[in-house]
Structures are given as C-alpha cells and as structure tokens.
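Enquirer: Have a peek at run28.tsv (TSV, C-alpha atoms and all ligand atoms).
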```tsv
chain	number	residue	atom	x	y	z
A	1	MET	CA	63.43	-11.27	141.57
A	2	ARG	CA	66.22	-13.66	142.42
A	3	SER	CA	66.51	-16.81	140.33
A	4	ARG	CA	66.30	-20.20	141.98
A	5	ARG	CA	70.01	-20.73	141.46
A	6	GLU	CA	70.81	-17.36	143.03
A	7	ILE	CA	68.63	-18.17	145.99
A	8	LEU	CA	70.33	-21.52	146.54
A	9	GLN	CA	73.75	-19.95	146.09
A	10	TYR	CA	72.83	-17.15	148.44
A	11	THR	CA	71.68	-19.56	151.12
A	12	GLY	CA	74.76	-21.75	150.80
A	13	ALA	CA	77.21	-18.85	150.65
A	14	ALA	CA	75.63	-17.09	153.60
A	15	LEU	CA	75.88	-20.17	155.78
A	16	ALA	CA	79.44	-21.00	154.69
A	17	ALA	CA	80.70	-17.44	155.13
A	18	LEU	CA	79.07	-16.88	158.47
A	19	PRO	CA	79.74	-19.90	160.65
A	20	PHE	CA	79.24	-17.81	163.78
A	21	ALA	CA	75.82	-16.74	162.50
A	22	LYS	CA	74.94	-20.38	161.94
A	23	ALA	CA	76.14	-21.32	165.39
A	24	PHE	CA	74.07	-18.48	166.84
A	25	ALA	CA	71.04	-19.52	164.87
A	26	GLN	CA	71.39	-23.10	166.10
A	27	ALA	CA	71.97	-22.02	169.69
A	28	SER	CA	68.97	-19.69	169.70
A	29	LYS	CA	66.64	-21.99	167.81
A	30	PRO	CA	63.85	-23.50	169.89
A	31	GLU	CA	63.62	-27.24	169.96
A	32	ALA	CA	61.37	-28.28	167.09
A	33	LYS	CA	58.54	-30.61	168.07
A	34	SER	CA	57.83	-31.30	164.45
A	35	PRO	CA	60.42	-33.29	162.52
A	36	GLY	CA	59.73	-31.34	159.33
A	37	GLY	CA	59.22	-27.86	160.71
A	38	PRO	CA	59.54	-25.03	160.70
A	39	ILE	CA	58.78	-24.64	157.02
A	40	VAL	CA	56.72	-22.29	154.85
A	41	VAL	CA	55.50	-22.72	151.27
A	42	SER	CA	53.70	-20.24	149.06
A	43	THR	CA	52.44	-19.85	145.51
A	44	TRP	CA	54.31	-18.27	142.59
A	45	ASN	CA	57.68	-16.56	142.39
A	46	PHE	CA	56.60	-13.64	144.58
A	47	GLY	CA	56.33	-16.30	147.28
A	48	VAL	CA	60.13	-16.12	147.69
A	49	GLN	CA	60.06	-12.65	149.22
A	50	ALA	CA	56.89	-13.42	151.11
A	51	ASN	CA	58.52	-16.52	152.61
A	52	ASP	CA	61.48	-14.38	153.70
A	53	ALA	CA	59.08	-12.21	155.71
A	54	ALA	CA	57.35	-15.27	157.16
A	55	TRP	CA	60.71	-16.78	158.06
A	56	LYS	CA	61.42	-13.86	160.41
A	57	PHE	CA	58.77	-15.44	162.64
A	58	LEU	CA	59.16	-19.13	161.85
A	59	GLY	CA	62.95	-19.13	162.09
A	60	HIS	CA	62.76	-17.82	165.65
A	61	GLY	CA	60.15	-20.17	166.98
A	62	GLY	CA	57.22	-17.93	166.03
A	63	ARG	CA	53.67	-19.08	165.44
A	64	ALA	CA	52.71	-20.20	161.93
A	65	LEU	CA	49.69	-17.89	161.95
A	66	ASP	CA	51.81	-14.79	162.62
A	67	ALA	CA	54.28	-15.94	159.97
A	68	VAL	CA	51.77	-16.36	157.15
A	69	ILE	CA	50.04	-13.04	157.82
A	70	ALA	CA	53.41	-11.23	157.83
A	71	GLY	CA	54.52	-13.15	154.75
A	72	VAL	CA	51.61	-12.29	152.48
A	73	ALA	CA	51.68	-8.66	153.66
A	74	VAL	CA	54.70	-8.24	151.33
A	75	PRO	CA	52.92	-8.85	148.00
A	76	GLU	CA	49.76	-7.21	149.38
A	77	ALA	CA	51.70	-3.95	149.83
A	78	ASP	CA	53.66	-4.22	146.57
A	79	PRO	CA	52.11	-1.84	144.00
A	80	LYS	CA	53.91	-3.67	141.18
A	81	ASN	CA	52.14	-6.93	141.97
A	82	GLN	CA	48.94	-6.70	139.93
A	83	SER	CA	47.22	-9.76	141.34
A	84	VAL	CA	47.35	-9.16	145.09
A	85	GLY	CA	46.45	-6.18	147.29
A	86	LEU	CA	47.59	-2.66	146.35
A	87	GLY	CA	47.95	-2.37	142.58
A	88	GLY	CA	45.70	-5.36	141.88
A	89	LEU	CA	43.94	-5.24	138.53
A	90	PRO	CA	40.37	-3.98	138.93
A	91	ASP	CA	37.05	-5.52	138.00
A	92	ARG	CA	35.55	-4.58	134.66
A	93	ASP	CA	34.01	-1.43	136.15
A	94	GLY	CA	37.37	-0.24	137.48
A	95	HIS	CA	37.01	-1.22	141.16
A	96	VAL	CA	39.82	-3.12	142.89
A	97	THR	CA	38.10	-5.69	145.10
A	98	LEU	CA	40.08	-8.07	147.28
A	99	ASP	CA	39.40	-11.52	148.73
A	100	ALA	CA	41.27	-13.29	151.55
A	101	CYS	CA	40.94	-15.96	154.20
A	102	VAL	CA	42.91	-17.49	157.03
A	103	MET	CA	42.86	-20.66	159.15
A	104	ASP	CA	44.79	-21.44	162.30
A	105	GLU	CA	45.94	-24.59	164.07
A	106	ASN	CA	42.74	-24.80	166.11
A	107	GLY	CA	40.56	-24.97	163.03
A	108	ASN	CA	39.42	-21.37	163.43
A	109	ALA	CA	38.67	-19.54	160.21
A	110	GLY	CA	38.16	-15.98	159.03
A	111	SER	CA	37.45	-14.51	155.64
A	112	VAL	CA	36.66	-11.31	153.76
A	113	ALA	CA	35.43	-10.97	150.20
A	114	CYS	CA	34.90	-8.18	147.69
A	115	VAL	CA	36.58	-5.65	149.98
A	116	GLU	CA	37.58	-2.28	148.58
A	117	HIS	CA	40.19	0.26	149.82
A	118	ILE	CA	42.00	-2.01	152.31
A	119	VAL	CA	45.50	-3.31	151.49
A	120	HIS	CA	46.05	-6.00	154.12
A	121	VAL	CA	43.00	-8.15	153.72
A	122	ALA	CA	44.65	-11.31	155.09
A	123	ALA	CA	45.19	-9.45	158.38
A	124	LEU	CA	41.58	-8.28	158.14
A	125	ALA	CA	40.41	-11.89	157.70
A	126	ARG	CA	42.38	-12.74	160.84
A	127	LYS	CA	40.52	-9.96	162.69
A	128	VAL	CA	37.21	-11.45	161.56
A	129	MET	CA	38.40	-14.82	162.87
A	130	GLU	CA	39.59	-13.52	166.22
A	131	ASN	CA	37.26	-10.61	167.00
A	132	THR	CA	33.84	-11.60	165.67
A	133	PRO	CA	31.52	-14.59	166.11
A	134	HIS	CA	31.48	-14.94	162.31
A	135	VAL	CA	33.67	-16.51	159.63
A	136	MET	CA	33.05	-14.22	156.68
A	137	LEU	CA	32.35	-10.53	156.06
A	138	VAL	CA	31.87	-9.10	152.58
A	139	GLY	CA	31.79	-5.80	150.72
A	140	GLU	CA	30.64	-2.68	152.61
A	141	GLY	CA	30.35	-4.55	155.89
A	142	ALA	CA	33.91	-5.81	155.64
A	143	LEU	CA	35.14	-2.27	154.88
A	144	GLN	CA	33.18	-0.87	157.83
A	145	PHE	CA	34.68	-3.54	160.11
A	146	ALA	CA	38.17	-2.76	158.79
A	147	LEU	CA	37.85	0.97	159.45
A	148	ALA	CA	36.46	0.31	162.93
A	149	ASN	CA	39.54	-1.80	163.62
A	150	GLY	CA	42.15	0.75	162.61
A	151	PHE	CA	42.79	-0.27	158.98
A	152	GLN	CA	43.43	2.72	156.70
A	153	LYS	CA	41.26	3.49	153.69
A	154	GLU	CA	43.41	3.68	150.57
A	155	ASN	CA	43.07	3.96	146.83
A	156	LEU	CA	44.22	0.54	145.56
A	157	LEU	CA	44.04	1.40	141.85
A	158	THR	CA	47.57	2.37	140.82
A	159	PRO	CA	48.16	4.38	137.63
A	160	GLU	CA	49.68	1.25	136.02
A	161	SER	CA	46.66	-0.91	136.79
A	162	GLU	CA	44.28	1.84	135.69
A	163	LYS	CA	46.19	2.09	132.41
A	164	ALA	CA	45.98	-1.67	131.88
A	165	TRP	CA	42.24	-1.60	132.61
A	166	ARG	CA	41.65	1.28	130.18
A	167	GLU	CA	43.56	-0.69	127.55
A	168	TRP	CA	41.40	-3.74	128.29
A	169	LEU	CA	38.24	-1.63	127.94
A	170	LYS	CA	39.04	-1.14	124.26
A	171	THR	CA	38.03	-4.74	123.60
A	172	ALA	CA	36.48	-5.58	126.98
A	173	GLN	CA	36.83	-9.30	126.44
A	174	TYR	CA	36.62	-11.29	129.65
A	175	ARG	CA	38.91	-14.20	128.94
A	176	PRO	CA	41.10	-15.43	131.78
A	177	VAL	CA	44.54	-16.22	130.42
A	178	ALA	CA	46.63	-18.87	132.13
A	179	ASN	CA	50.29	-18.21	131.83
A	180	VAL	CA	53.15	-17.58	134.16
A	181	GLU	CA	53.11	-13.82	133.60
A	182	ASN	CA	49.48	-13.64	134.60
A	183	HIS	CA	49.88	-15.36	137.94
A	184	ASP	CA	47.41	-14.47	140.60
A	185	THR	CA	46.94	-14.95	144.32
A	186	ILE	CA	49.31	-15.76	147.08
A	187	GLY	CA	48.41	-18.83	149.08
A	188	MET	CA	50.79	-19.55	151.95
A	189	VAL	CA	50.82	-22.41	154.45
A	190	ALA	CA	53.32	-22.98	157.22
A	191	LEU	CA	54.32	-25.47	159.89
A	192	ASP	CA	55.97	-23.92	162.94
A	193	ALA	CA	58.55	-25.27	165.38
A	194	ALA	CA	55.78	-26.26	167.78
A	195	GLY	CA	54.35	-28.50	165.05
A	196	ASN	CA	51.32	-26.31	164.31
A	197	LEU	CA	49.94	-25.48	160.88
A	198	SER	CA	48.26	-22.29	159.65
A	199	GLY	CA	47.56	-20.75	156.28
A	200	THR	CA	46.21	-17.80	154.37
A	201	CYS	CA	45.21	-16.92	150.84
A	202	THR	CA	44.88	-13.35	149.47
A	203	THR	CA	44.15	-11.98	146.01
A	204	SER	CA	42.59	-9.31	143.85
A	205	GLY	CA	41.00	-12.17	141.93
A	206	MET	CA	40.60	-12.52	138.21
A	207	ALA	CA	41.42	-9.34	136.34
A	208	TYR	CA	38.40	-7.48	134.91
A	209	LYS	CA	35.95	-9.83	136.63
A	210	MET	CA	32.27	-8.96	136.90
A	211	ARG	CA	31.45	-6.53	139.69
A	212	GLY	CA	30.76	-8.56	142.84
A	213	ARG	CA	32.49	-11.71	141.58
A	214	VAL	CA	34.14	-13.71	144.35
A	215	GLY	CA	36.60	-16.49	143.59
A	216	ASP	CA	37.91	-19.46	145.52
A	217	SER	CA	40.51	-17.54	147.53
A	218	PRO	CA	38.32	-16.37	150.45
A	219	LEU	CA	36.29	-19.58	150.60
A	220	ILE	CA	37.33	-21.94	153.36
A	221	GLY	CA	37.78	-25.38	151.81
A	222	ALA	CA	38.19	-24.02	148.27
A	223	GLY	CA	41.14	-21.59	148.28
A	224	LEU	CA	42.51	-22.77	151.63
A	225	PHE	CA	42.10	-25.54	154.15
A	226	VAL	CA	44.10	-26.34	157.26
A	227	ASP	CA	43.68	-29.38	159.48
A	228	ASN	CA	46.29	-29.45	162.20
A	229	GLU	CA	46.13	-33.26	162.42
A	230	VAL	CA	46.90	-33.76	158.73
A	231	GLY	CA	48.15	-30.83	156.68
A	232	ALA	CA	47.23	-27.69	154.80
A	233	ALA	CA	46.52	-26.80	151.20
A	234	THR	CA	45.90	-23.74	149.08
A	235	SER	CA	45.09	-23.01	145.46
A	236	THR	CA	45.56	-20.57	142.64
A	237	GLY	CA	44.14	-20.25	139.16
A	238	LEU	CA	40.60	-20.21	137.85
A	239	GLY	CA	38.65	-20.00	141.09
A	240	GLU	CA	35.33	-21.14	139.66
A	241	GLU	CA	36.80	-24.59	138.96
A	242	VAL	CA	38.37	-24.83	142.42
A	243	ILE	CA	35.09	-23.90	144.12
A	244	LYS	CA	33.20	-26.61	142.23
A	245	ILE	CA	35.42	-29.37	143.66
A	246	VAL	CA	36.04	-27.68	147.07
A	247	GLY	CA	39.66	-28.12	146.06
A	248	SER	CA	41.82	-27.41	149.10
A	249	HIS	CA	39.61	-29.48	151.39
A	250	LEU	CA	39.84	-32.32	148.90
A	251	VAL	CA	43.63	-32.11	148.95
A	252	VAL	CA	43.78	-32.23	152.76
A	253	GLU	CA	41.35	-35.15	152.89
A	254	GLN	CA	43.51	-37.06	150.40
A	255	MET	CA	46.53	-36.46	152.65
A	256	ARG	CA	44.45	-37.80	155.55
A	257	LEU	CA	44.02	-40.99	153.53
A	258	GLY	CA	47.79	-41.29	153.29
A	259	LYS	CA	48.57	-39.57	150.00
A	260	SER	CA	51.71	-37.46	149.72
A	261	PRO	CA	51.14	-33.70	149.26
A	262	GLU	CA	51.97	-33.90	145.55
A	263	GLU	CA	49.76	-36.93	144.99
A	264	ALA	CA	46.89	-35.26	146.88
A	265	CYS	CA	47.24	-32.14	144.69
A	266	ARG	CA	47.35	-34.33	141.57
A	267	ILE	CA	44.07	-36.02	142.53
A	268	ALA	CA	42.38	-32.62	142.91
A	269	VAL	CA	43.75	-31.43	139.55
A	270	GLU	CA	42.54	-34.63	137.85
A	271	ARG	CA	39.00	-34.00	139.15
A	272	ILE	CA	38.99	-30.72	137.23
A	273	VAL	CA	40.70	-32.15	134.15
A	274	LYS	CA	38.12	-34.95	133.99
A	275	LYS	CA	35.48	-32.28	133.35
A	276	HIS	CA	37.67	-30.48	130.79
A	277	PRO	CA	39.73	-33.19	129.11
A	278	GLN	CA	41.03	-31.00	126.28
A	279	LYS	CA	43.95	-28.71	127.00
A	280	ARG	CA	42.68	-25.12	127.13
A	281	GLU	CA	44.96	-22.12	127.22
A	282	ASP	CA	42.53	-20.34	129.51
A	283	LEU	CA	42.30	-23.05	132.15
A	284	GLN	CA	44.95	-23.17	134.81
A	285	VAL	CA	44.60	-24.29	138.42
A	286	GLY	CA	47.43	-25.13	140.79
A	287	PHE	CA	47.27	-26.71	144.25
A	288	LEU	CA	50.01	-26.50	146.86
A	289	ALA	CA	50.11	-28.66	149.99
A	290	LEU	CA	52.15	-29.17	153.14
A	291	ASN	CA	51.64	-32.06	155.52
A	292	LYS	CA	52.16	-32.37	159.25
A	293	GLN	CA	55.60	-33.89	158.63
A	294	GLY	CA	56.73	-30.82	156.70
A	295	GLU	CA	56.61	-32.58	153.32
A	296	HIS	CA	55.36	-30.37	150.49
A	297	GLY	CA	54.20	-30.79	146.93
A	298	ALA	CA	52.16	-29.17	144.19
A	299	TYR	CA	50.37	-30.05	141.00
A	300	CYS	CA	48.76	-27.92	138.29
A	301	ILE	CA	46.79	-28.33	135.10
A	302	GLN	CA	49.40	-26.93	132.79
A	303	LYS	CA	53.04	-25.96	133.01
A	304	GLY	CA	54.01	-22.66	134.54
A	305	PHE	CA	52.96	-22.89	138.17
A	306	GLN	CA	55.81	-22.40	140.62
A	307	TYR	CA	55.92	-22.40	144.39
A	308	ALA	CA	58.43	-21.10	146.90
A	309	VAL	CA	59.76	-23.11	149.86
A	310	ARG	CA	61.67	-21.86	152.86
A	311	SER	CA	63.04	-23.94	155.73
A	312	ASP	CA	66.29	-24.16	157.68
A	313	SER	CA	67.94	-25.97	154.79
A	314	VAL	CA	66.02	-24.88	151.70
A	315	ASN	CA	65.19	-21.56	150.05
A	316	ALA	CA	63.97	-22.41	146.59
A	317	LEU	CA	61.48	-21.80	143.84
A	318	ILE	CA	60.13	-25.10	142.54
A	319	ASP	CA	58.25	-25.93	139.33
A	320	GLY	CA	54.98	-27.67	140.12
A	321	LYS	CA	54.35	-30.83	138.10
A	322	SER	CA	51.55	-30.49	135.58
A	323	HIS	CA	48.90	-32.65	133.91
A	324	PHE	CA	49.53	-31.18	130.46
A	325	ALA	CA	53.11	-30.63	129.33
A	401	LIG	N1	42.06	-18.05	142.31
A	401	LIG	C1	41.93	-16.64	142.10
A	401	LIG	C2	40.50	-16.31	141.76
A	401	LIG	O1	39.86	-17.07	141.08
A	401	LIG	C3	42.79	-16.08	141.03
A	401	LIG	C4	44.06	-16.82	140.75
A	401	LIG	O2	44.68	-17.38	141.63
A	401	LIG	O3	44.49	-16.86	139.59
A	401	LIG	O4	40.07	-15.26	142.15
```
Could the structure of this file be written out as structure tokens, please?
Expert:
Amino acid sequence: MRSRREILQYTGAALAALPFAKAFAQASKPEAKSPGGPIVVSTWNFGVQANDAAWKFLGHGGRALDAVIAGVAVPEADPKNQSVGLGGLPDRDGHVTLDACVMDENGNAGSVACVEHIVHVAALARKVMENTPHVMLVGEGALQFALANGFQKENLLTPESEKAWREWLKTAQYRPVANVENHDTIGMVALDAAGNLSGTCTTSGMAYKMRGRVGDSPLIGAGLFVDNEVGAATSTGLGEEVIKIVGSHLVVEQMRLGKSPEEACRIAVERIVKKHPQKREDLQVGFLALNKQGEHGAYCIQKGFQYAVRSDSVNALIDGKSHFA
C-alpha cells in the first residue's frame, strides 16, 4: 500500500515528468459540467487502489455508476482483503456472506444481502437494480439470480480466513473491535464529468457475525444514499448503529439543508454518540460524503478512519476527523 506522501509525490512527479501526457489528458478530457467533478471518494486505505480503477472511467468522461462498480471490484477480488468479497471473514458458522448495494443518478437502487459464493456483489446489486422490478434480493434467491445472470459460483473462504475463524472458535467471543487494522467495507461515491452522482457499498460484514445477520451496507439509506440534486454518502463501522439512525440518508438530508459534507457527517456521528456518550473501544462508525459541487468530507466516532480521494488534482488518503481523540 502506498503511503499518502508517496501517492502525492507520485501524482506530482508523473505530471511534471510527462507534460505531453498532461497535454493529452487535457485535450482528450470532456468538458466538465460540474465544477467539482469528476471526483471519487471511498472508505479506508484500500480505497486508494479502488479509486485508481474507478478513475479509468471517471478520468475519461465515464459514468459515475460504471466507475464505482469497477472501483470496488478491486477489493472484492482481493483475497488478502478480509472485509470485502473474496477472502472476507466468515460468520460464526464459517460461511462467508456478502452484502452490497448501489444507487445511480436517477435515484434507482439495487441491493443484495447475505449472498454466498459470489465475489462481485456490487455488480450483482446493479443487476438487481437494472434487470428486476425489485430493489433487494437476499440469500438463496440472490445466489440463484446471480447464477442465472452469468456470475460464477466460487468458494470465498480463503485458507487465511478459515485459519482466522478456527482461531476465533477457540474463544468464540463475538465482540466487534474498532481499530484501523480491522477496517471493513468499501463505500464509494463519485461525481462524473456530466455532473452526475452514483455510489455503492460492499462488504463481508462484521467478522464472525450470527448466521443471517445483515448490516447497514446493503440497506439503502443506511449504508448508502445518493440524491443527484444534493450529494451522496456512505458509511462503515458497526452497522447496527448506522441502521438505527438511517445514517447515510441523514447525511444527505443535512447537506440538502446547506451543511458541508464534513459537517453533515459530524451530525450523523453525534446522533450515535448521544446514545453512547462514553468512549467504547468496540464502537466505531465513519461516514463519508460528497456533494454535488465535488466537495467531500468525513467524520467518525473515534480516530482511525481514513478515506481515499481521487480527482484531476488530488490522489490522497485523508484522516477523517473524529468525535473522540
Ligand atoms: N458496516 C459493516 C457492517 O456492519 C461493517 C463495517 O463497515 O465495519 O456490516
């Protein structure tokens, strides 16, 4: 993983050393209708690589929806990432079950929850959005739909994740731990050159969860919300707390009232903190938001949440501000 400094150096050096490439990029770039776009933001440090994949679309005038699905496909396919897609940590019975959702610029939504054996569940959620009259498919039905639509059935439990689960079984304590090494879920939202917003959120959920548990990530309004007139938001952390405040919808509605993305995320975090005023090691939630102007911001309960930003001028990993130091 590149450090923030390396990323910034890399971006600067690449542009300075390749003036012809820059000139080409400028010449071939479509005219942006949005003053702040194109831009993509995503949760955690693995968002850097995911943003790179999304940028292949956004940087060439592509649609935000295509960009976010391509972006999150990177951590979904990475067996070393134990919180998203292939290699995700299983539930307490040893099953890897994935959750994902997507929203586009027209307010369309698709979602899948508790899906087994399918790696690219964000793309599957998009299929639900585009090819069915429904918003959400779960479990066996979602798997059946995936197989009928050409998705491959795979074993998602890697030897590493199985080993970690077997180790966990020795004590079998279900205690979510909030720290930077235990980060979960990629939420990604983007604004394209045409000024349109889309987003997606995909995860294997809390490690060693109860069988059948579904978190915030596939729930429209909780783990993700996109309103093309206002902005988009996504979340990560303890999903149960996000669901109970319909977090991402709250963030977007605060931006509608004129709050900056960071301020909107802070308001959502404070709603949760108000219910749990004491600092708890096991309680982390982070919100990430992008508005229609391409401004972004994040806020989390406690230190450790980072988000990745990619635009024409920025390629960075940023520390989200936190309620507790
Ligand atoms: N929000 C996810 C869930 O509750 C996990 C996470 O982002 O930490 O399933």
Enquirer: With only C-alpha atoms and all ligand atoms counted, collect every polymer residue having an atom within 10 Å of ligand LIG 401 (chain A); state the result as a PyMOL selection string.
Expert: chain A and resi 43-44+83-84+98-100+176-179+182-187+201-207+209+213-218+222-223+234-243+283-286
Enquirer: Work out how far apart CA of Asn106 (chain A) and CA of Val226 (chain A) are and give it in Å to one decimal.
Expert: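 Straight-line distance from CA of Asn106 (chain A) to CA of Val226 (chain A) works out to 9.1 Å.
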Enquirer: Tell me which protein, DNA and RNA residues are within 8 Å of Ile318 (chain A), counting only C-alpha atoms, leaving out same-chain ones fewer than 3 positions away, and put them as a ChimeraX atom specification.
Expert: /A:4,306-309
Enquirer: Export C-alpha atoms of the chosen residues as a CSV table (one decimal), keeping the file's coordinate frame?
Expert:
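The resulting file, selection_9.csv, is reproduced below:
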```csv
chain,number,residue,atom,x,y,z
A,4,ARG,CA,66.3,-20.2,142.0
A,306,GLN,CA,55.8,-22.4,140.6
A,307,TYR,CA,55.9,-22.4,144.4
A,308,ALA,CA,58.4,-21.1,146.9
A,309,VAL,CA,59.8,-23.1,149.9
```
Enquirer: Which polymer residues have any atom within 10 Å of an atom of region 143-156 of chain A, counting all atoms listed in the file, with same-chain residues fewer than 2 positions away left out, as a VMD selection string?
Expert: chain A and resid 77 79 85 to 90 95 to 98 112 to 121 123 to 125 127 to 128 131 to 132 137 to 141 158 to 159 161 to 162
Enquirer: Ala325 (chain A): which residues within 9 Å, counting all atoms listed in the file, same-chain residues fewer than 5 positions away excluded, as a count of residues only?
Expert: 3
Enquirer: Please tabulate, as CSV, the residues of region 194-274 of chain A that come within 8 Å of region 53-66 of chain A, each with its closest pair of atoms and the distance in Å to one decimal, counting only C-alpha atoms and ordering rows by chain, then residue number upward.
Expert:
```
residue,atom,partner,partner_atom,distance
A:Ala194,CA,A:Gly61,CA,7.5
A:Asn196,CA,A:Ala64,CA,6.7
A:Leu197,CA,A:Ala64,CA,6.1
A:Ser198,CA,A:Leu65,CA,5.2
A:Gly199,CA,A:Leu65,CA,6.7
```
Enquirer: Take the selection from the previous step and output its residues with C-alpha atoms, as a PDB file, keeping the file's coordinate frame.
Expert:
```pdb
ATOM      1  CA  ALA A 194      55.780 -26.260 167.780  1.00  0.00           C
ATOM      2  CA  ASN A 196      51.320 -26.310 164.310  1.00  0.00           C
ATOM      3  CA  LEU A 197      49.940 -25.480 160.880  1.00  0.00           C
ATOM      4  CA  SER A 198      48.260 -22.290 159.650  1.00  0.00           C
ATOM      5  CA  GLY A 199      47.560 -20.750 156.280  1.00  0.00           C
TER       6      GLY A 199
END
```
Enquirer: Please list, as a PyMOL selection string, the residues that have an atom at most 10 Å away from (41.4, -24.7, 162.4) in the coordinates of this file, counting only C-alpha atoms.
Expert: chain A and resi 102-110+197-199+225-229
Enquirer: Record the distance separating CA of Leu317 (chain A) and CA of Val40 (chain A), expressed in Å with one decimal.
Expert: 12.0 Å
Enquirer: Counting all atoms listed in the file, which of A:Leu290, A:Lys259, A:Gly71, A:Pro35 gets nearest to Ala50 (chain A)?
Expert: A:Gly71
Enquirer: What does the structure give for the distance between CA of Ala232 (chain A) and CA of Lys292 (chain A), in Å to one decimal?
Expert: 8.1 Å
Enquirer: So that I can see what lies close to Glu167 (chain A), please list as a ChimeraX atom specification the residues with an atom at most 12 Å from it, counting all atoms listed in the file and leaving out residues fewer than 6 positions away in the same chain.
Expert: /A:89,92,94,160-161,173,208
Enquirer: Give me the region 202-259 of chain A side of the contact with region 263-268 of chain A, cut-off 7 Å, one line per residue showing its nearest atom pair and distance in Å at one decimal, counting all atoms listed in the file, sorted by chain and residue number, as CSV.
Expert:
```
residue,atom,partner,partner_atom,distance
A:Gly247,CA,A:Ala268,CA,6.1
A:Leu250,CA,A:Ala268,CA,6.5
A:Val251,CA,A:Ala264,CA,5.0
A:Gln254,CA,A:Ala264,CA,5.2
A:Met255,CA,A:Ala264,CA,5.9
A:Lys259,CA,A:Ala264,CA,5.6
```
Enquirer: Show me the residues close to (28.1, -2.7, 140.8) - anything with an atom within 8 Å, counting only C-alpha atoms - and format the list as number ranges by chain.
Expert: A: 93, 211-212
Enquirer: Which is closer to Val189 (chain A) than all the others in A:Asn291, A:Asn315, A:Ser42, A:Ser322, using all atoms listed in the file?
Expert: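 Residue with the minimum atom-to-atom distance to Val189 (chain A): A:Ser42.
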Enquirer: Between A:Asp192, A:Ser260, A:Phe324, A:Arg126, single out the one closest to Arg280 (chain A), counting all atoms listed in the file.
Expert: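 Answer, going by the shortest atom-to-atom distance: A:Phe324.
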